[in-house]
file model-v7.txt (compact mmCIF, C-alpha atoms)
# COMPACT_ATOMS: atom_id res chain seq x y z
CA MET A 1383 55.31 93.95 70.30
CA SER A 1384 53.30 90.93 69.09
CA ALA A 1385 55.44 90.70 65.94
CA LEU A 1386 58.62 90.84 68.03
CA GLY A 1387 57.28 88.08 70.28
CA LYS A 1388 56.53 85.92 67.25
CA ASP A 1389 60.06 86.48 65.91
CA ILE A 1390 61.59 85.50 69.26
CA ARG A 1391 59.47 82.35 69.51
CA PHE A 1392 60.33 81.42 65.94
CA SER A 1393 64.08 81.92 66.63
CA LEU A 1394 63.89 79.75 69.75
CA ARG A 1395 62.12 76.99 67.80
CA LYS A 1396 64.83 77.12 65.13
CA LEU A 1397 67.61 76.97 67.73
CA GLY A 1398 65.94 73.99 69.41
CA LYS A 1399 65.41 72.21 66.11
CA ASP A 1400 69.07 72.35 65.07
CA ARG A 1401 70.69 71.79 68.44
CA SER A 1402 74.14 70.77 67.18
CA ALA A 1403 74.57 74.02 65.25
CA THR A 1404 73.24 76.02 68.19
CA ILE A 1405 75.65 74.38 70.66
CA LEU A 1406 78.55 74.89 68.23
CA ALA A 1407 77.77 78.60 67.78
CA ILE A 1408 77.29 79.24 71.51
CA THR A 1409 80.51 77.36 72.35
CA ALA A 1410 82.54 79.30 69.76
CA LEU A 1411 81.24 82.67 70.95
CA ALA A 1412 81.57 81.75 74.64
CA LEU A 1413 85.22 80.71 74.26
CA ALA A 1414 86.12 83.80 72.23
CA LEU A 1415 84.25 86.20 74.51
CA GLY A 1416 85.67 84.55 77.62
CA ALA A 1417 89.24 84.83 76.33
CA ALA A 1418 88.71 88.44 75.20
CA THR A 1419 87.20 89.41 78.57
CA ALA A 1420 90.01 87.77 80.53
CA VAL A 1421 92.77 89.37 78.45
CA PHE A 1422 91.10 92.79 78.48
CA SER A 1423 90.85 92.55 82.27
CA ILE A 1424 94.60 91.89 82.39
CA ILE A 1425 95.33 94.75 79.97
CA TYR A 1426 93.18 97.16 81.99
CA ASN A 1427 94.67 96.24 85.36
CA VAL A 1428 98.29 95.97 84.17
CA LEU A 1429 98.62 98.61 81.43
CA LEU A 1430 95.69 101.02 81.62
CA LYS A 1431 94.97 101.20 85.36
CA PRO A 1432 97.69 99.26 87.20
CA PHE A 1433 97.81 101.48 90.31
CA PRO A 1434 95.03 102.81 92.54
CA TYR A 1435 96.82 106.16 92.71
CA THR A 1436 95.75 109.62 91.60
CA ASP A 1437 97.37 110.52 88.26
CA ALA A 1438 99.50 107.38 88.26
CA ASP A 1439 100.34 107.98 84.58
CA ARG A 1440 101.97 111.30 85.55
CA LEU A 1441 104.33 109.79 88.13
CA VAL A 1442 107.79 109.50 86.59
CA LEU A 1443 111.15 108.07 87.63
CA PHE A 1444 114.43 108.85 85.89
CA VAL A 1445 117.27 106.56 84.92
CA ILE A 1446 120.83 107.75 84.34
CA HIS A 1447 121.85 105.55 81.44
CA ASP A 1448 125.41 105.01 80.28
CA SER A 1449 125.35 105.87 76.56
CA ALA A 1450 128.26 103.49 75.94
CA ARG A 1451 126.16 100.50 77.05
CA LYS A 1452 123.65 98.78 74.79
CA ASP A 1453 121.49 97.37 77.58
CA PRO A 1454 118.77 99.54 79.21
CA ILE A 1455 120.23 99.19 82.72
CA GLY A 1456 120.98 102.45 84.52
CA ARG A 1457 120.92 104.20 87.89
CA SER A 1458 117.52 105.32 89.14
CA SER A 1459 118.30 106.11 92.78
CA TYR A 1460 120.11 109.12 94.19
CA SER A 1461 121.84 110.28 97.35
CA ALA A 1462 120.01 112.69 99.64
CA ALA A 1463 122.18 115.58 98.41
CA GLU A 1464 121.41 114.77 94.77
CA PHE A 1465 117.73 114.36 95.56
CA LEU A 1466 117.54 117.81 97.11
CA ASP A 1467 119.35 119.38 94.14
CA TYR A 1468 116.99 117.78 91.63
CA SER A 1469 113.95 118.71 93.74
CA GLN A 1470 114.94 122.33 94.16
CA GLN A 1471 116.15 122.99 90.62
CA SER A 1472 113.61 121.09 88.52
CA HIS A 1473 110.75 123.05 86.89
CA ALA A 1474 108.85 120.06 85.47
CA PHE A 1475 107.15 118.80 88.65
CA ASP A 1476 104.67 120.22 91.11
CA ARG A 1477 105.31 117.47 93.70
CA ILE A 1478 108.23 115.12 94.30
CA VAL A 1479 108.48 111.94 96.38
CA GLY A 1480 111.59 110.19 97.66
CA SER A 1481 111.58 106.52 98.62
CA VAL A 1482 113.90 103.61 99.29
CA PHE A 1483 113.06 100.11 100.45
CA GLU A 1484 114.95 97.75 102.71
CA TYR A 1485 114.34 95.06 105.30
CA VAL A 1486 113.81 95.94 108.96
CA VAL A 1487 113.75 93.67 112.00
CA TYR A 1488 110.63 93.77 114.14
CA ASP A 1489 111.23 92.73 117.75
CA ASN A 1490 107.97 91.62 119.38
CA GLY A 1491 109.61 90.86 122.74
CA GLN A 1492 109.57 87.11 122.15
CA GLY A 1493 111.55 86.96 118.95
CA ALA A 1494 112.48 88.83 115.78
CA GLN A 1495 110.72 89.00 112.42
CA GLN A 1496 111.99 90.47 109.18
CA LEU A 1497 109.62 92.91 107.46
CA TYR A 1498 109.86 94.78 104.16
CA ALA A 1499 109.81 98.55 104.72
CA SER A 1500 109.90 101.68 102.58
CA TYR A 1501 111.55 104.84 103.87
CA VAL A 1502 109.58 107.66 102.24
CA THR A 1503 109.21 111.43 102.31
CA ASN A 1504 106.16 112.51 104.31
CA ASN A 1505 104.23 113.67 101.21
CA LEU A 1506 104.01 110.18 99.67
CA PHE A 1507 100.38 109.52 100.60
CA ASP A 1508 99.21 112.98 99.52
CA VAL A 1509 100.91 112.65 96.14
CA LEU A 1510 99.48 109.17 95.55
CA GLY A 1511 96.06 110.28 96.75
CA VAL A 1512 95.57 107.36 99.17
CA ARG A 1513 94.54 107.81 102.78
CA PRO A 1514 94.98 105.30 105.63
CA MET A 1515 92.10 102.97 106.35
CA ILE A 1516 92.66 103.51 110.08
CA GLY A 1517 94.55 106.38 111.70
CA ARG A 1518 96.30 109.18 109.85
CA ALA A 1519 98.96 109.73 107.20
CA THR A 1520 102.41 111.20 107.80
CA SER A 1521 103.01 114.94 108.05
CA THR A 1522 105.96 117.32 108.11
CA ALA A 1523 105.87 117.24 111.92
CA ASP A 1524 106.80 113.53 111.83
CA GLU A 1525 110.18 114.38 110.27
CA LYS A 1526 111.34 116.51 113.19
CA SER A 1527 114.09 114.97 115.28
CA GLU A 1528 112.43 115.79 118.62
CA THR A 1529 109.23 113.88 117.82
CA THR A 1530 108.69 110.15 118.42
CA PRO A 1531 109.47 108.15 115.25
CA VAL A 1532 106.36 106.84 113.51
CA PHE A 1533 105.36 104.47 110.69
CA LEU A 1534 102.33 103.19 108.79
CA MET A 1535 101.42 99.51 108.53
CA GLY A 1536 100.29 97.60 105.44
CA TYR A 1537 96.95 95.82 105.32
CA LYS A 1538 98.37 92.33 104.72
CA ILE A 1539 100.78 92.40 107.66
CA TRP A 1540 98.06 93.97 109.83
CA ARG A 1541 95.72 91.09 109.02
CA SER A 1542 98.19 88.17 109.04
CA VAL A 1543 100.46 89.14 111.96
CA PHE A 1544 98.21 91.31 114.13
CA GLY A 1545 94.85 89.70 113.42
CA SER A 1546 93.20 92.90 112.08
CA ASP A 1547 93.48 94.46 115.53
CA ALA A 1548 92.59 98.16 115.26
CA SER A 1549 94.38 98.86 118.55
CA VAL A 1550 97.78 98.64 116.77
CA VAL A 1551 97.30 102.32 115.89
CA GLY A 1552 98.93 104.30 118.66
CA ARG A 1553 101.05 101.39 119.90
CA SER A 1554 104.85 101.38 119.97
CA PHE A 1555 106.83 98.80 117.98
CA VAL A 1556 110.57 98.17 118.01
CA LEU A 1557 111.93 98.29 114.45
CA ASN A 1558 115.71 97.88 113.98
CA GLY A 1559 116.08 98.56 117.69
CA ILE A 1560 114.19 101.87 117.50
CA PRO A 1561 110.74 102.31 119.14
CA ARG A 1562 108.24 103.66 116.59
CA ILE A 1563 104.55 104.53 116.95
CA CYS A 1564 102.13 103.05 114.41
CA ILE A 1565 99.96 105.99 113.28
CA GLY A 1566 97.82 104.22 110.69
CA VAL A 1567 96.96 101.16 108.62
CA MET A 1568 96.80 101.47 104.83
CA PRO A 1569 93.87 100.02 102.83
CA GLU A 1570 94.09 96.59 101.20
CA HIS A 1571 94.61 97.89 97.66
CA PHE A 1572 97.63 100.02 98.62
CA ALA A 1573 100.89 98.18 97.91
CA PHE A 1574 103.52 100.81 97.14
CA TRP A 1575 106.80 98.91 96.51
CA GLN A 1576 104.99 95.85 97.96
CA SER A 1577 106.07 97.00 101.42
CA ASP A 1578 104.82 95.89 104.83
CA LEU A 1579 105.63 99.23 106.46
CA TRP A 1580 106.17 102.85 105.40
CA ILE A 1581 108.52 104.95 107.50
CA PRO A 1582 108.76 108.76 107.00
CA VAL A 1583 112.25 110.15 106.66
CA ALA A 1584 113.58 113.70 106.38
CA MET A 1585 115.86 114.20 103.38
CA ASN A 1586 118.78 115.44 105.46
CA PRO A 1587 122.26 114.72 103.99
CA SER A 1588 123.91 115.46 107.34
CA ASN A 1589 122.11 112.48 108.90
CA PRO A 1590 124.38 109.41 108.47
CA GLU A 1591 121.40 107.04 108.33
CA VAL A 1592 119.86 109.08 105.52
CA ASN A 1593 123.13 109.70 103.71
CA ARG A 1594 123.95 105.99 103.39
CA ARG A 1595 120.73 105.35 101.43
CA LYS A 1596 119.95 105.95 97.76
CA PHE A 1597 116.44 107.27 97.11
CA TYR A 1598 114.19 106.88 94.12
CA PHE A 1599 113.15 110.24 92.72
CA ILE A 1600 109.46 110.11 91.75
CA GLY A 1601 108.10 113.29 90.25
CA HIS A 1602 104.49 114.26 89.57
CA LEU A 1603 104.43 116.09 86.24
CA LYS A 1604 102.95 119.56 86.10
CA PRO A 1605 99.87 119.95 83.86
CA GLY A 1606 100.93 120.21 80.22
CA VAL A 1607 104.48 118.92 80.81
CA SER A 1608 105.44 115.79 78.88
CA THR A 1609 107.88 113.12 80.03
CA SER A 1610 110.33 114.14 77.28
CA ALA A 1611 110.23 117.78 78.41
CA ALA A 1612 110.79 116.68 82.01
CA ALA A 1613 113.73 114.53 80.89
CA ALA A 1614 115.32 117.51 79.14
CA ASP A 1615 114.86 119.60 82.29
CA MET A 1616 116.41 116.89 84.45
CA GLU A 1617 119.33 116.40 82.08
CA VAL A 1618 120.39 120.03 82.51
CA ILE A 1619 120.53 119.48 86.28
CA ALA A 1620 122.26 116.11 85.84
CA ARG A 1621 125.11 117.72 83.86
CA HIS A 1622 125.77 119.99 86.81
CA GLU A 1623 125.48 117.12 89.30
CA ALA A 1624 128.00 115.11 87.29
CA GLN A 1625 130.59 117.78 88.04
CA ILE A 1626 129.86 117.59 91.77
CA PHE A 1627 129.66 113.78 91.94
CA PRO A 1628 131.82 112.61 89.02
CA LYS A 1629 132.10 109.02 90.34
CA ASP A 1630 128.32 108.55 90.20
CA TYR A 1631 127.87 109.62 86.58
CA PRO A 1632 129.32 107.88 83.50
CA LYS A 1633 131.16 110.11 81.06
CA PRO A 1634 128.59 109.81 78.25
CA PHE A 1635 125.11 109.53 79.74
CA VAL A 1636 121.48 110.35 78.99
CA ILE A 1637 118.45 110.78 81.23
CA GLN A 1638 115.66 108.32 80.46
CA PRO A 1639 112.14 108.96 81.89
CA VAL A 1640 110.22 105.89 83.07
CA THR A 1641 106.60 106.06 84.25
CA LEU A 1642 105.47 103.88 87.15
CA VAL A 1643 103.42 101.83 84.68
CA GLU A 1644 106.48 101.17 82.50
CA ARG A 1645 108.48 100.36 85.60
CA ALA A 1646 105.92 97.77 86.70
CA VAL A 1647 105.34 96.15 83.29
CA GLY A 1648 108.87 96.48 81.92
CA GLU A 1649 109.70 94.42 78.86
CA PHE A 1650 106.30 92.68 78.90
CA HIS A 1651 104.53 95.87 77.73
CA GLY A 1652 104.62 94.90 74.05
CA LEU A 1653 103.82 91.26 74.83
CA PHE A 1654 100.55 92.22 76.54
CA TRP A 1655 99.40 94.24 73.53
CA LEU A 1656 100.41 91.40 71.20
CA LEU A 1657 98.33 89.01 73.31
CA PHE A 1658 95.41 91.41 73.17
CA GLY A 1659 95.67 91.59 69.36
CA ALA A 1660 95.72 87.80 69.15
CA VAL A 1661 92.57 87.52 71.26
CA VAL A 1662 90.77 90.15 69.17
CA LEU A 1663 91.68 88.11 66.08
CA LEU A 1664 90.32 85.00 67.81
CA LEU A 1665 87.05 86.84 68.50
CA LEU A 1666 86.78 87.90 64.84
CA ILE A 1667 87.40 84.32 63.69
CA ALA A 1668 84.68 83.04 66.04
CA CYS A 1669 82.23 85.65 64.72
CA ALA A 1670 83.11 84.72 61.13
CA ASN A 1671 82.57 81.03 61.88
CA VAL A 1672 79.16 81.69 63.43
CA ALA A 1673 78.23 83.89 60.46
CA ASN A 1674 79.23 81.10 58.05
CA LEU A 1675 77.16 78.64 60.08
CA LEU A 1676 74.11 80.90 59.83
CA LEU A 1677 74.68 81.37 56.09
CA ALA A 1678 74.84 77.59 55.66
CA GLN A 1679 71.51 77.23 57.50
CA ALA A 1680 69.98 79.95 55.32
CA THR A 1681 71.23 78.22 52.16
CA ALA A 1682 69.65 74.97 53.29
CA ARG A 1683 66.27 76.77 53.40
CA ASP A 1684 66.72 78.30 49.96
CA LYS A 1685 63.82 76.29 48.48
CA GLU A 1686 61.48 77.44 51.24
CA MET A 1687 62.32 81.07 50.54
call {"tool": "encode", "arguments": {"input": "model-v7.txt", "output": "structure tokens"}}
result
Amino acid sequence: MSALGKDIRFSLRKLGKDRSATILAITALALALGAATAVFSIIYNVLLKPFPYTDADRLVLFVIHDSARKDPIGRSSYSAAEFLDYSQQSHAFDRIVGSVFEYVVYDNGQGAQQLYASYVTNNLFDVLGVRPMIGRATSTADEKSETTPVFLMGYKIWRSVFGSDASVVGRSFVLNGIPRICIGVMPEHFAFWQSDLWIPVAMNPSNPEVNRRKFYFIGHLKPGVSTSAAAADMEVIARHEAQIFPKDYPKPFVIQPVTLVERAVGEFHGLFWLLFGAVVLLLLIACANVANLLLAQATARDKEM
């Protein structure tokens, strides 16, 4: 321990003696490490762990892409009838979520306010593995026509509009002219579709309100099933659906799987990794410069050695 203490004291004396070189080395390493840390934080939160959901990397959407088109644009939402067919006939998923987002008007009795809402199947919160911060999640009972319509509120709207008042749970709110009971408030980190509200809906094609909407089909892959295998399974069903709904399917089409991560990042996926590579290169250059600086100092003491 005494030898180690002597080495540390000697190193500190050397750093203090040649302050310009010390400041240069510390600055170079600090800039490189700071940039690398910042970019890695972005990579982790955007590419590696972008969603606070259970098995987010196994949640997949599907796009019906027109093979005759060169652009990647396609249809990723389906009618209630299509949704039920895909749900019942697919063998690649153990759980399936339906969702669609649109604006709703909240009438507070003194005026109207436009809020962003997602109409979702009742299993959304179980599939994502996120529970309400206050109150309860939706259940199959909430889809029954004889029950009072319900919804869940987002944290941001709960804080900004209702002042973090816990008594909102159990209260009735008029949304699009329909009284609905707030049954829970979601935690701050939950931002599915960036919505203010989540409203459970039964996937019933005979309901005109449901039938006019197009729902995103989000499947949770079974263990051991790849996205390509799921796409092949979905394409078999899609060929049959194209015969039932010919206007909704282009003549030549393919099914393209898209994970939630790919959906969120989109075309910037490659750019983020390129940025990460550039920062790693910057860190290597900084290390090389500091090493050269130390070698130059050692060369200057060649006669002493």
call {"tool": "closest_residue", "arguments": {"input": "model-v7.txt", "among": "A:Gly1536, A:Pro1454, A:Gly1601, A:Pro1639", "to": "Val1479 in chain A", "atoms": "only C-alpha atoms"}}
result
A:Gly1601
call {"tool": "atom_distance", "arguments": {"input": "model-v7.txt", "atom1": "CA of Leu1656 in chain A", "atom2": "CA of Asn1671 in chain A"}}
result
22.6 Å
call {"tool": "closest_residue", "arguments": {"input": "model-v7.txt", "among": "A:Lys1388, A:Asp1578, A:Phe1475, A:Val1487", "to": "Val1607 in chain A", "atoms": "all atoms listed in the file"}}
result
A:Phe1475
call {"tool": "atom_distance", "arguments": {"input": "model-v7.txt", "atom1": "CA of Val1421 in chain A", "atom2": "CA of Val1661 in chain A"}}
result
7.4 Å
call {"tool": "atom_distance", "arguments": {"input": "model-v7.txt", "atom1": "CA of Ser1577 in chain A", "atom2": "CA of Tyr1498 in chain A"}}
result
5.2 Å
call {"tool": "residues_around", "arguments": {"input": "model-v7.txt", "residues": "range 1544-1548 of chain A", "least_positions_apart": "4", "cutoff": "12 Å", "atoms": "all atoms listed in the file", "output": "PyMOL selection string"}}
result
chain A and resi 1490+1515-1517+1535-1540+1552-1553+1564-1570
call {"tool": "write_last_selection", "arguments": {"input": "model-v7.txt", "atoms": "C-alpha atoms", "output": "PDB file, keeping the file's coordinate frame"}}
result
ATOM      1  CA  ASN A1490     107.970  91.620 119.380  1.00  0.00           C
ATOM      2  CA  MET A1515      92.100 102.970 106.350  1.00  0.00           C
ATOM      3  CA  ILE A1516      92.660 103.510 110.080  1.00  0.00           C
ATOM      4  CA  GLY A1517      94.550 106.380 111.700  1.00  0.00           C
ATOM      5  CA  MET A1535     101.420  99.510 108.530  1.00  0.00           C
ATOM      6  CA  GLY A1536     100.290  97.600 105.440  1.00  0.00           C
ATOM      7  CA  TYR A1537      96.950  95.820 105.320  1.00  0.00           C
ATOM      8  CA  LYS A1538      98.370  92.330 104.720  1.00  0.00           C
ATOM      9  CA  ILE A1539     100.780  92.400 107.660  1.00  0.00           C
ATOM     10  CA  TRP A1540      98.060  93.970 109.830  1.00  0.00           C
ATOM     11  CA  GLY A1552      98.930 104.300 118.660  1.00  0.00           C
ATOM     12  CA  ARG A1553     101.050 101.390 119.900  1.00  0.00           C
ATOM     13  CA  CYS A1564     102.130 103.050 114.410  1.00  0.00           C
ATOM     14  CA  ILE A1565      99.960 105.990 113.280  1.00  0.00           C
ATOM     15  CA  GLY A1566      97.820 104.220 110.690  1.00  0.00           C
ATOM     16  CA  VAL A1567      96.960 101.160 108.620  1.00  0.00           C
ATOM     17  CA  MET A1568      96.800 101.470 104.830  1.00  0.00           C
ATOM     18  CA  PRO A1569      93.870 100.020 102.830  1.00  0.00           C
ATOM     19  CA  GLU A1570      94.090  96.590 101.200  1.00  0.00           C
TER      20      GLU A1570
END
